[in-house]
Every structure is written in C-alpha cells, then in structure tokens.
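Pasted below: structure.txt, compact mmCIF, C-alpha atoms.
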# COMPACT_ATOMS: atom_id res chain seq x y z
CA MET P 6 0.00 0.00 0.00
CA TRP P 7 2.72 2.43 0.94
CA TRP P 8 4.69 1.90 -2.24
CA ASN P 9 1.63 2.29 -4.49
CA THR P 10 0.60 5.43 -2.63
CA ILE P 11 4.07 6.95 -3.04
CA LEU P 12 4.10 6.10 -6.78
CA LEU P 13 0.70 7.76 -7.25
CA ALA P 14 1.90 10.87 -5.42
CA LEU P 15 5.08 11.11 -7.51
CA ARG P 16 3.09 10.57 -10.72
CA ALA P 17 0.75 13.40 -9.80
CA ILE P 18 3.70 15.72 -9.12
CA ARG P 19 5.31 14.80 -12.46
CA ARG P 20 2.10 15.55 -14.38
CA ASN P 21 2.33 19.23 -13.37
CA LEU P 22 6.06 19.94 -13.32
CA LEU P 23 5.78 23.71 -13.72
CA ARG P 24 3.21 24.04 -10.95
CA SER P 25 5.24 21.72 -8.72
CA PHE P 26 8.38 23.79 -9.39
CA LEU P 27 6.65 27.04 -8.46
CA THR P 28 5.29 25.40 -5.31
CA VAL P 29 8.73 24.14 -4.31
CA LEU P 30 10.31 27.54 -5.03
CA GLY P 31 8.78 29.12 -1.93
CA ILE P 32 10.28 26.44 0.31
CA VAL P 33 13.64 26.67 -1.48
CA ILE P 34 13.86 30.42 -0.90
CA GLY P 35 12.80 30.08 2.73
CA VAL P 36 15.28 27.32 3.60
CA ALA P 37 18.12 29.01 1.70
CA ALA P 38 17.45 32.33 3.40
CA VAL P 39 17.40 30.86 6.92
CA ILE P 40 20.58 28.81 6.47
CA THR P 41 22.46 31.62 4.70
CA MET P 42 21.59 34.21 7.34
CA VAL P 43 22.52 31.95 10.26
CA THR P 44 25.74 30.76 8.59
CA LEU P 45 26.89 34.30 7.83
CA GLY P 46 25.93 35.38 11.35
CA ASN P 47 28.00 32.57 12.86
CA GLY P 48 30.91 33.53 10.63
CA ALA P 49 30.64 37.17 11.70
CA THR P 50 30.61 36.11 15.37
CA ARG P 51 33.73 33.99 14.87
CA SER P 52 35.41 36.86 13.01
CA VAL P 53 34.73 39.25 15.90
CA SER P 54 36.10 36.73 18.41
CA ASP P 55 39.26 36.23 16.34
CA GLN P 56 39.77 39.97 15.97
CA ILE P 57 39.43 40.52 19.72
CA ALA P 58 41.89 37.66 20.32
CA SER P 59 44.37 39.32 17.95
CA MET P 60 44.45 42.36 20.24
CA GLY P 61 46.04 40.23 22.95
CA SER P 62 44.88 37.78 25.58
CA ASN P 63 44.48 38.45 29.31
CA MET P 64 44.62 42.16 28.58
CA LEU P 65 43.18 45.20 30.37
CA ILE P 66 42.80 48.61 28.75
CA VAL P 67 42.83 51.55 31.19
CA MET P 68 41.30 54.71 29.72
CA PRO P 69 40.41 58.13 31.17
CA GLY P 70 36.70 59.01 31.19
CA GLN P 71 33.66 56.76 31.19
CA ARG P 72 33.07 56.73 27.45
CA PHE P 73 34.42 53.98 25.23
CA GLY P 74 36.13 55.44 22.17
CA PRO P 75 38.03 58.64 21.36
CA GLY P 76 37.81 61.45 23.86
CA SER P 77 37.88 61.29 27.64
CA GLY P 78 34.87 63.49 28.39
CA GLY P 79 36.96 66.07 30.27
CA ALA P 80 38.66 63.54 32.57
CA PRO P 81 42.37 64.21 33.20
CA PRO P 82 44.78 62.07 31.16
CA PHE P 83 47.24 59.64 32.63
CA ARG P 84 50.88 60.48 33.36
CA ALA P 85 54.10 58.49 33.22
CA ALA P 86 53.96 58.15 37.03
CA ASP P 87 50.62 56.30 36.71
CA VAL P 88 52.19 53.82 34.34
CA GLU P 89 55.13 53.24 36.69
CA ALA P 90 52.74 52.78 39.62
CA ILE P 91 50.90 50.02 37.75
CA ARG P 92 54.18 48.42 36.75
CA ASN P 93 55.63 48.49 40.29
CA GLN P 94 52.54 47.91 42.45
CA ILE P 95 50.53 45.39 40.41
CA ALA P 96 52.59 42.23 40.77
CA SER P 97 50.42 40.27 38.31
CA ALA P 98 51.01 42.75 35.48
CA ARG P 99 53.27 41.10 32.91
CA TRP P 100 53.47 43.91 30.35
CA VAL P 101 52.51 47.57 30.89
CA ALA P 102 52.40 49.81 27.82
CA PRO P 103 51.43 53.51 27.80
CA VAL P 104 49.83 54.53 24.51
CA VAL P 105 49.45 57.89 22.75
CA ASN P 106 47.80 58.14 19.31
CA ARG P 107 48.02 61.00 16.85
CA GLY P 108 46.95 61.11 13.21
CA SER P 109 49.54 62.36 10.73
CA ALA P 110 50.73 62.00 7.15
CA ALA P 111 53.76 59.84 6.41
CA VAL P 112 55.88 60.61 3.34
CA TYR P 113 58.41 58.45 1.53
CA GLN P 114 59.85 59.82 -1.71
CA ALA P 115 56.83 60.57 -3.94
CA SER P 116 54.36 58.56 -1.84
CA ASN P 117 52.37 59.82 1.14
CA TRP P 118 49.75 58.21 3.36
CA SER P 119 47.64 59.47 6.27
CA THR P 120 47.97 57.04 9.15
CA VAL P 121 47.87 56.72 12.95
CA ILE P 122 51.09 57.40 14.85
CA THR P 123 51.26 55.32 18.03
CA GLY P 124 53.68 56.26 20.80
CA SER P 125 54.53 53.52 23.30
CA ASN P 126 57.33 51.34 24.65
CA SER P 127 58.64 47.86 23.81
CA ASP P 128 55.94 46.29 26.03
CA TYR P 129 53.36 47.44 23.47
CA PHE P 130 54.38 44.70 21.04
CA GLU P 131 54.17 41.94 23.64
CA ALA P 132 50.94 43.14 25.27
CA GLY P 133 49.20 43.66 21.93
CA ASN P 134 50.32 40.31 20.50
CA TRP P 135 52.30 42.00 17.72
CA LYS P 136 54.93 40.03 15.80
CA ILE P 137 57.93 41.64 14.07
CA ALA P 138 58.00 40.42 10.46
CA ALA P 139 61.27 42.15 9.60
CA GLY P 140 63.82 44.24 11.47
CA ARG P 141 63.49 44.77 15.22
CA GLY P 142 61.63 46.70 17.92
CA PHE P 143 62.82 49.56 20.14
CA THR P 144 65.79 49.33 22.48
CA GLU P 145 65.63 50.76 25.99
CA ALA P 146 68.21 53.40 25.04
CA GLU P 147 66.09 54.54 22.07
CA GLU P 148 63.02 54.83 24.32
CA ARG P 149 64.83 56.90 26.95
CA ALA P 150 66.40 59.20 24.36
CA GLY P 151 63.21 59.62 22.36
CA LYS P 152 65.05 58.69 19.19
CA ALA P 153 63.31 59.12 15.84
CA VAL P 154 62.89 55.44 14.99
CA CYS P 155 59.68 53.61 14.07
CA VAL P 156 58.10 50.25 13.34
CA ILE P 157 55.47 50.37 10.60
CA GLY P 158 52.37 48.27 9.91
CA ALA P 159 51.69 46.17 6.81
CA THR P 160 49.23 48.70 5.35
CA VAL P 161 51.71 51.57 5.65
CA GLN P 162 54.37 49.39 4.04
CA GLN P 163 52.06 48.66 1.11
CA LYS P 164 51.04 52.30 0.62
CA LEU P 165 54.52 53.84 0.93
CA PHE P 166 56.90 51.10 -0.18
CA GLY P 167 54.74 48.99 -2.47
CA GLY P 168 55.49 45.80 -0.57
CA GLN P 169 59.29 46.27 -0.57
CA ASN P 170 61.34 45.81 2.59
CA PRO P 171 61.20 49.21 4.36
CA VAL P 172 63.80 48.50 7.06
CA GLY P 173 66.57 51.11 6.96
CA SER P 174 64.53 53.66 4.99
CA GLN P 175 63.67 57.17 6.18
CA VAL P 176 60.01 58.19 6.47
CA ARG P 177 59.09 61.84 7.00
CA ILE P 178 56.49 62.59 9.68
CA ARG P 179 55.58 66.27 9.62
CA GLN P 180 58.86 68.15 10.14
CA PHE P 181 61.17 65.28 11.08
CA ALA P 182 62.56 62.12 9.51
CA CYS P 183 62.08 58.76 11.18
CA GLU P 184 64.18 55.67 10.51
CA VAL P 185 62.18 52.52 9.87
CA ILE P 186 63.74 49.80 12.05
CA GLY P 187 61.00 47.18 11.87
CA LEU P 188 57.92 45.87 10.07
CA LEU P 189 54.90 44.45 11.91
CA GLN P 190 53.22 41.25 10.86
CA GLY P 191 49.73 41.91 9.52
CA LYS P 192 46.68 41.49 11.76
CA GLY P 193 43.87 42.71 9.53
CA GLN P 194 40.70 44.49 10.56
CA SER P 195 39.85 45.06 14.20
CA ALA P 196 36.51 44.23 15.82
CA MET P 197 35.61 47.93 15.59
CA GLY P 198 36.13 47.95 11.83
CA SER P 199 39.46 49.81 11.76
CA ASP P 200 42.61 48.58 10.05
CA GLN P 201 45.05 47.47 12.75
CA ASP P 202 47.92 47.44 10.24
CA ASP P 203 47.49 51.11 9.35
CA THR P 204 49.86 52.38 12.03
CA ILE P 205 53.38 53.60 12.73
CA VAL P 206 54.73 52.83 16.21
CA MET P 207 57.37 55.12 17.73
CA PRO P 208 58.92 55.49 21.19
CA LEU P 209 56.55 57.31 23.55
CA ARG P 210 58.93 60.22 24.21
CA THR P 211 59.43 60.77 20.49
CA VAL P 212 55.70 61.19 19.91
CA GLN P 213 55.27 63.40 22.99
CA ARG P 214 58.13 65.73 22.09
CA ARG P 215 57.67 65.95 18.32
CA LEU P 216 53.92 65.49 17.79
CA THR P 217 51.73 66.05 20.86
CA GLY P 218 53.89 68.60 22.69
CA ASN P 219 52.81 67.33 26.15
CA GLN P 220 53.34 64.44 28.57
CA ASN P 221 49.75 63.14 28.44
CA ILE P 222 49.07 59.43 28.01
CA GLY P 223 45.86 58.40 26.26
CA ARG P 224 45.52 54.88 27.61
CA VAL P 225 47.48 52.13 29.33
CA ILE P 226 47.52 48.51 28.16
CA VAL P 227 48.11 45.95 30.91
CA SER P 228 48.80 42.31 30.04
CA VAL P 229 48.14 39.94 32.95
CA GLN P 230 50.35 36.99 33.86
CA PRO P 231 49.02 33.62 32.58
CA GLY P 232 46.96 31.73 35.14
CA ILE P 233 46.12 34.87 37.15
CA SER P 234 42.50 35.96 37.63
CA ILE P 235 42.03 38.93 35.34
CA ASP P 236 39.06 40.10 37.42
CA GLY P 237 41.26 40.37 40.49
CA VAL P 238 43.90 42.36 38.60
CA ARG P 239 41.18 44.60 37.22
CA GLN P 240 40.01 45.37 40.75
CA GLN P 241 43.59 46.09 41.86
CA VAL P 242 44.16 48.50 38.96
CA THR P 243 40.85 50.23 39.70
CA LEU P 244 41.72 50.76 43.37
CA LEU P 245 45.21 52.00 42.49
CA MET P 246 43.90 54.51 39.93
CA ARG P 247 41.23 55.77 42.32
CA GLU P 248 43.93 56.39 44.92
CA ARG P 249 46.26 58.14 42.49
CA ARG P 250 43.48 60.31 41.04
CA ASN P 251 42.17 61.25 44.53
CA ILE P 252 38.66 59.91 43.99
CA GLY P 253 36.51 59.86 47.15
CA LEU P 254 34.52 56.91 48.44
CA ASN P 255 31.20 58.24 47.15
CA GLU P 256 32.57 59.60 43.88
CA ASP P 257 32.35 57.90 40.51
CA ASP P 258 35.47 56.83 38.65
CA ASP P 259 36.77 59.26 36.04
CA PHE P 260 38.40 56.37 34.19
CA GLN P 261 37.50 52.87 33.04
CA VAL P 262 39.28 49.55 33.06
CA LEU P 263 38.13 47.44 30.11
CA ASP P 264 38.67 43.71 29.84
CA THR P 265 39.12 42.35 26.30
CA ARG P 266 36.90 39.42 27.32
CA GLN P 267 34.15 41.88 28.21
CA ILE P 268 34.49 43.59 24.83
CA ALA P 269 34.42 40.21 23.08
CA GLU P 270 31.32 39.06 24.98
CA THR P 271 29.49 42.31 24.23
CA LEU P 272 30.25 42.24 20.51
CA THR P 273 29.62 38.51 20.05
CA SER P 274 26.32 38.69 21.94
CA THR P 275 25.26 41.53 19.66
CA THR P 276 26.08 39.54 16.52
CA ARG P 277 24.26 36.49 17.90
CA ILE P 278 21.12 38.54 18.54
CA LEU P 279 21.27 39.97 15.02
CA THR P 280 21.76 36.46 13.63
CA MET P 281 18.71 35.19 15.48
CA LEU P 282 16.67 38.17 14.29
CA LEU P 283 17.68 37.68 10.66
CA GLY P 284 17.02 33.95 10.92
CA ALA P 285 13.54 34.58 12.35
CA VAL P 286 12.72 37.05 9.57
CA ALA P 287 13.93 34.57 6.95
CA ALA P 288 11.84 31.81 8.57
CA VAL P 289 8.70 33.79 7.76
CA SER P 290 9.31 33.02 4.09
CA LEU P 291 9.08 29.32 4.99
CA LEU P 292 5.58 29.89 6.32
CA VAL P 293 4.70 31.72 3.12
CA GLY P 294 6.00 28.71 1.18
CA GLY P 295 3.82 26.44 3.31
CA ILE P 296 0.76 28.50 2.49
CA GLY P 297 1.70 28.15 -1.18
CA ILE P 298 1.78 24.37 -0.81
CA MET P 299 -1.64 24.35 0.82
CA ASN P 300 -3.04 26.55 -1.95
CA ILE P 301 -1.69 24.35 -4.72
CA MET P 302 -2.87 21.18 -2.99
CA LEU P 303 -6.40 22.59 -2.66
CA VAL P 304 -6.38 23.37 -6.39
CA SER P 305 -5.11 19.84 -7.06
CA VAL P 306 -7.94 18.33 -4.98
CA THR P 307 -10.50 20.34 -6.93
CA GLU P 308 -9.03 19.33 -10.31
CA ARG P 309 -8.85 15.65 -9.35
CA THR P 310 -12.25 15.34 -7.67
CA ARG P 311 -13.52 12.83 -10.27
CA GLU P 312 -10.31 10.76 -9.97
CA ILE P 313 -10.72 10.68 -6.20
CA GLY P 314 -14.35 9.58 -6.58
CA ILE P 315 -13.34 6.70 -8.87
CA ARG P 316 -10.67 5.52 -6.39
CA LEU P 317 -13.15 5.64 -3.51
CA ALA P 318 -15.84 3.88 -5.58
CA ILE P 319 -13.64 0.92 -6.48
CA GLY P 320 -12.62 0.33 -2.87
CA ALA P 321 -9.85 2.74 -1.92
CA LEU P 322 -9.91 3.64 1.75
CA GLU P 323 -10.12 7.22 3.01
CA ARG P 324 -6.77 6.89 4.77
CA GLU P 325 -5.14 5.84 1.46
CA VAL P 326 -6.43 8.99 -0.28
CA LEU P 327 -5.41 11.06 2.72
CA LEU P 328 -1.93 9.50 2.64
CA GLN P 329 -1.54 10.08 -1.10
CA PHE P 330 -2.14 13.82 -0.91
CA LEU P 331 -0.17 14.14 2.30
CA ILE P 332 2.82 12.43 0.69
CA GLU P 333 2.58 14.80 -2.29
CA ALA P 334 2.81 17.79 0.06
CA VAL P 335 5.70 16.29 2.07
CA VAL P 336 7.64 15.34 -1.08
CA LEU P 337 7.29 18.87 -2.43
CA SER P 338 8.42 20.48 0.82
CA ALA P 339 11.25 17.98 1.40
CA LEU P 340 12.51 18.45 -2.15
CA GLY P 341 12.40 22.20 -1.60
CA GLY P 342 14.37 21.72 1.62
CA LEU P 343 17.13 19.73 -0.11
CA VAL P 344 17.45 22.20 -2.97
CA GLY P 345 17.39 25.06 -0.46
CA ILE P 346 20.28 23.50 1.52
CA ALA P 347 22.36 23.15 -1.65
CA LEU P 348 21.56 26.72 -2.71
CA ALA P 349 22.31 28.07 0.77
CA THR P 350 25.70 26.32 0.84
CA GLY P 351 26.77 27.96 -2.41
CA MET P 352 25.39 31.38 -1.44
CA SER P 353 26.90 31.36 2.05
CA ILE P 354 30.36 30.37 0.74
CA ALA P 355 30.26 33.15 -1.87
CA LEU P 356 28.93 35.79 0.54
CA ALA P 357 31.35 34.78 3.31
CA GLY P 358 34.22 35.35 0.89
CA ALA P 359 32.82 38.72 -0.17
CA MET P 360 32.27 39.79 3.46
CA LYS P 361 35.69 38.40 4.50
CA VAL P 362 34.25 36.29 7.32
CA PRO P 363 34.93 32.57 7.86
CA TRP P 364 32.44 30.08 6.43
CA LEU P 365 31.30 27.74 9.20
CA PHE P 366 29.18 24.74 8.28
CA ASP P 367 26.50 24.21 10.91
CA PRO P 368 24.90 20.75 10.56
CA MET P 369 22.25 21.58 13.16
CA ILE P 370 20.75 24.55 11.29
CA ASN P 371 20.80 22.57 8.02
CA LEU P 372 19.04 19.60 9.62
CA ALA P 373 16.61 21.85 11.50
CA SER P 374 15.72 23.75 8.31
CA PHE P 375 15.11 20.51 6.40
CA LEU P 376 12.94 19.04 9.16
CA PHE P 377 11.04 22.32 9.48
CA ALA P 378 10.38 22.31 5.73
CA ALA P 379 9.11 18.70 5.93
CA ALA P 380 6.94 19.60 8.92
CA ILE P 381 5.44 22.49 6.95
CA GLY P 382 4.51 19.98 4.24
CA VAL P 383 2.72 17.83 6.81
CA ILE P 384 0.95 20.74 8.51
CA PHE P 385 -0.13 22.67 5.43
CA GLY P 386 -0.79 19.55 3.38
CA PHE P 387 -3.04 17.89 5.95
CA PHE P 388 -6.09 20.09 5.37
CA PRO P 389 -6.23 19.58 1.57
CA ALA P 390 -5.53 15.85 2.07
CA ARG P 391 -8.31 15.60 4.67
CA ARG P 392 -10.68 17.36 2.31
CA ALA P 393 -9.84 14.91 -0.49
CA ALA P 394 -10.32 11.89 1.78
CA GLY P 395 -13.65 13.21 3.01
CA LEU P 396 -15.26 13.55 -0.43
CA ASN P 397 -18.50 11.65 -1.05
CA PRO P 398 -17.78 9.14 -3.89
CA ILE P 399 -21.16 9.76 -5.59
CA ASP P 400 -20.76 13.56 -5.53
CA ALA P 401 -17.15 13.21 -6.70
CA LEU P 402 -18.18 11.05 -9.69
CA ARG P 403 -20.77 13.67 -10.74
CA HIS P 404 -18.12 16.42 -10.65
CA GLU P 405 -17.16 17.85 -14.05

Give the structure from this file in structure tokens form.
Amino acid sequence: MWWNTILLALRAIRRNLLRSFLTVLGIVIGVAAVITMVTLGNGATRSVSDQIASMGSNMLIVMPGQRFGPGSGGAPPFRAADVEAIRNQIASARWVAPVVNRGSAAVYQASNWSTVITGSNSDYFEAGNWKIAAGRGFTEAEERAGKAVCVIGATVQQKLFGGQNPVGSQVRIRQFACEVIGLLQGKGQSAMGSDQDDTIVMPLRTVQRRLTGNQNIGRVIVSVQPGISIDGVRQQVTLLMRERRNIGLNEDDDFQVLDTRQIAETLTSTTRILTMLLGAVAAVSLLVGGIGIMNIMLVSVTERTREIGIRLAIGALEREVLLQFLIEAVVLSALGGLVGIALATGMSIALAGAMKVPWLFDPMINLASFLFAAAIGVIFGFFPARRAAGLNPIDALRHE
C-alpha cells in the first residue's frame, strides 16, 4: 500500500512539473534564506572573536573618562607616574604599555599616506600580541632618548613602499625624519572595523616631544600573567587609579578599566542577537512557502475530484487517499528543503568570501531547516488531504 501510494503521489507531481516547481520555489527560498543568514551570522561572530583575540589575551585597557572610544569626556589624562605605579605595584602585570595616538601623514619619496602614529614602549608589542615580520623593535636606550625610529604596519608598508622591505629607509612625519627599524606582521581588521595594520609605532617620548607637545598618556595597556585571575587584577588596577586620582569613596570613577573578554562578549552577543533576528525574519518566508503548498494542494484536490471519486468507488480507503495527498505535500516540501540547503551552501560560501568572514558549516541549522520544511509539508498539506479523503464518492463522480 505504501509503495503504491508513493508512486501515485510522484506521478501526480510529475504531471504538473511547472506548478510543482513554483510550489517548491517558496520552500527553497525560505530554507536558503534561513541557512544563509545563520551561517553568515555565525561567521561574523567567529570573526569578531578572532579579531578581539588578535588584540592580545588576558589584557586590560585603562582609559580616562567613562566613554568607550576617542575622547575622555573632560577627565584628566594619565601620566608616566601612573604607568610606573601600575608596573611596580601590580605584581600580576606582565606587560605595561602607555599609549598615545596622533593622526599624521607619512611621506616616503613621492608617496604619502595618512595614518595613525602610536607612541609607546617595547611592552606594546608583547601586550598587543604583535609580531615583528622584519627588522626589530625599540631598544631601551632609544626609548629613553626619544630617538626618531619607528616600526610600521603592513598597510603603511604597502602604501609607501609597495610591498618592498622598508627597514633602513627614512620616512618623514611632519617636520622630522624617522628611521624605519621594523615591520609588523599583519593582523587585519579590528573588531571595531578599523585597520590594525594602518599604524606607525614610535617610542613614547618621540611622539610626545615631536607630535603632541605634552606628557599626556591616552591609555594604558596591561597584560596579565598567565593563570592569574584577570578580574582580580582589574580590581587592583581600579583601586590604584582611584587612589592616584584622589577619587573619594562616594565619587564615581573618572576612568574605566576594560577587559578584552568583556568587549568580546558584548560584541559577540550583539552579533548572535542579530543572527537570530535575521534567521527569524527569513523563517517567515518558509511559512509563506507552506501557504503556497496548501493553496496548490487545494487546487489539485478540486481538479482531481472525479479521480478521487473513482478511487473511492472501487474500494480505496479514506486513509489511502489522505496519505496520497499528504505524501505529495511532504515530497514537495522535502525536495524544496534539499534544494534550499544546496543553494544556501553555495550562497553562504560566496557571501562569506565577499564579506571576509569565515564560512562555518553548521549541521544543526541545516538539519533543522530541512525538518522544518518537511513539517510544513505535513501541517499545510493535511487540510487539503483531509478534504480529499472526506469527499462523497457519488458527488465526486458527478463532478465535471
């Protein structure tokens, strides 16, 4: 019985290939949209996590003010003494790097490029997980003397030197020449969307004397010893800064201590929520496809009323007619699910490459989308199938 019923259902689908194709199309689009949106969302989440990890692990960022981003909201900047206090009094601090940023144009021969000048010390490369691709970093003597030496990022190398080895060359920054002593290994885009490789790193004193004209420090990067609770170190740094900045017991901090884990959790949770939202919106198209299946099946029941009457008259059972139409609906939706999975795989791979995010195959969302499509066939195909099975054989035979 089952085999004959399946053959009848497939034969009916084959008789109206164009109509069957248009019916399946709604399910295909729905399944493909859901899988593509979720896959790209998962890739974006992984990309954000990787970008945060590239900034450095077990890292705290101490910034003046209570606003994340440029500007301190009127809070006083840090001083060199604050950096030394963290270095000397926080035993769990492995690397402590003061950071000053200033935008400027860099010139080499006939090429020029606007970039970010970063002033810091040798700890900056260790704390920020930077690797030297060519040349070397700063020496302690160069830092103390504020010598005009620099380490450039991969983007600056490409824009000024065209990919050639820049070590030993002279780059002009405003009114002074800076010797390129090193080249940083590329990191790519940051989680905030900026190019991490578009930078020139100089000794802190060089930037303060030649560019900023003051002793202010914009932020302090603190890398915590492996195996040490970063939350405990964060609390220690907070208490130390409150003491040094003379903040009373009932007064709010005029600085913030950010944990890279906290930044990662915030950004990844945001991308997950957006992924769920996009997936839910795309799932609506699956429901629309289910309504299309029900509509086509109702039309099919009306067209085949006489055929149904003949089957019932010669002894076919109601459940056999019900099963025939139900199988037709499930086959259409399942076929749409399979085609949708194949289409989604191709689309997600292409879009992931265009968006520069990793493509992550998620078997659960593929299986869930297929089962959901099959369930839609059962749910929306049941009513037309029940209507066909409930026809009176005599009335069905009289139908023209």

**Message:** Rounded to one decimal, what separation in Å do you get between atom CA of Met369 of chain P and atom CA of Thr276 of chain P?
**Reply:**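 We find that atom CA of Met369 of chain P and atom CA of Thr276 of chain P lie 18.7 Å from each other.
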
**Selected residue, from P:Met207, P:Ala102, P:Leu244, P:Leu331, that lies nearest to Phe143 of chain P when counting all atoms listed in the file** =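 Smallest distance to Phe143 of chain P is found for P:Met207.
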
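Note that atom CA of Pro103 of chain P and atom CA of Asn126 of chain P are 7.0 Å apart.
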
**Asked** How far is it from atom CA of Thr144 of chain P to atom CA of Thr211 of chain P, in Å with one decimal?
**Response**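 Computing the Euclidean distance for atom CA of Thr144 of chain P and atom CA of Thr211 of chain P yields 13.2 Å.
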
**Item:** Local residues around (53.9, 49.6, 13.7), at most 9 Å away, using all atoms listed in the file, as a list in words
**Value:** Ile122, Thr123, Phe130, Trp135, Ile137, Cys155, Val156, Ile157, Gly158, Ala159, Val161, Gly187, Leu188, Leu189, Gln190, Asp202, Asp203, Thr204, Ile205, Val206 and Met207 of chain P

Dump of C-alpha atoms for the selected residues, as a compact mmCIF listing (two decimals), keeping the file's coordinate frame:
# COMPACT_ATOMS: atom_id res chain seq x y z
CA ILE P 122 51.09 57.40 14.85
CA THR P 123 51.26 55.32 18.03
CA PHE P 130 54.38 44.70 21.04
CA TRP P 135 52.30 42.00 17.72
CA ILE P 137 57.93 41.64 14.07
CA CYS P 155 59.68 53.61 14.07
CA VAL P 156 58.10 50.25 13.34
CA ILE P 157 55.47 50.37 10.60
CA GLY P 158 52.37 48.27 9.91
CA ALA P 159 51.69 46.17 6.81
CA VAL P 161 51.71 51.57 5.65
CA GLY P 187 61.00 47.18 11.87
CA LEU P 188 57.92 45.87 10.07
CA LEU P 189 54.90 44.45 11.91
CA GLN P 190 53.22 41.25 10.86
CA ASP P 202 47.92 47.44 10.24
CA ASP P 203 47.49 51.11 9.35
CA THR P 204 49.86 52.38 12.03
CA ILE P 205 53.38 53.60 12.73
CA VAL P 206 54.73 52.83 16.21
CA MET P 207 57.37 55.12 17.73

**Request:** Name the closest residue to Gly70 of chain P among the candidates P:Ile178, P:Gly168, P:Arg19, P:Phe83; distances are taken between atoms, counting only C-alpha atoms.
**Result:**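 Closest to Gly70 of chain P, using only C-alpha atoms: P:Phe83.
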
**Item:** Long-range neighbours of Val176 of chain P as a PyMOL selection string, 6 Å cut-off, only C-alpha atoms, 2 positions minimum in chain
**Value:** chain P and resi 112-113+182-183
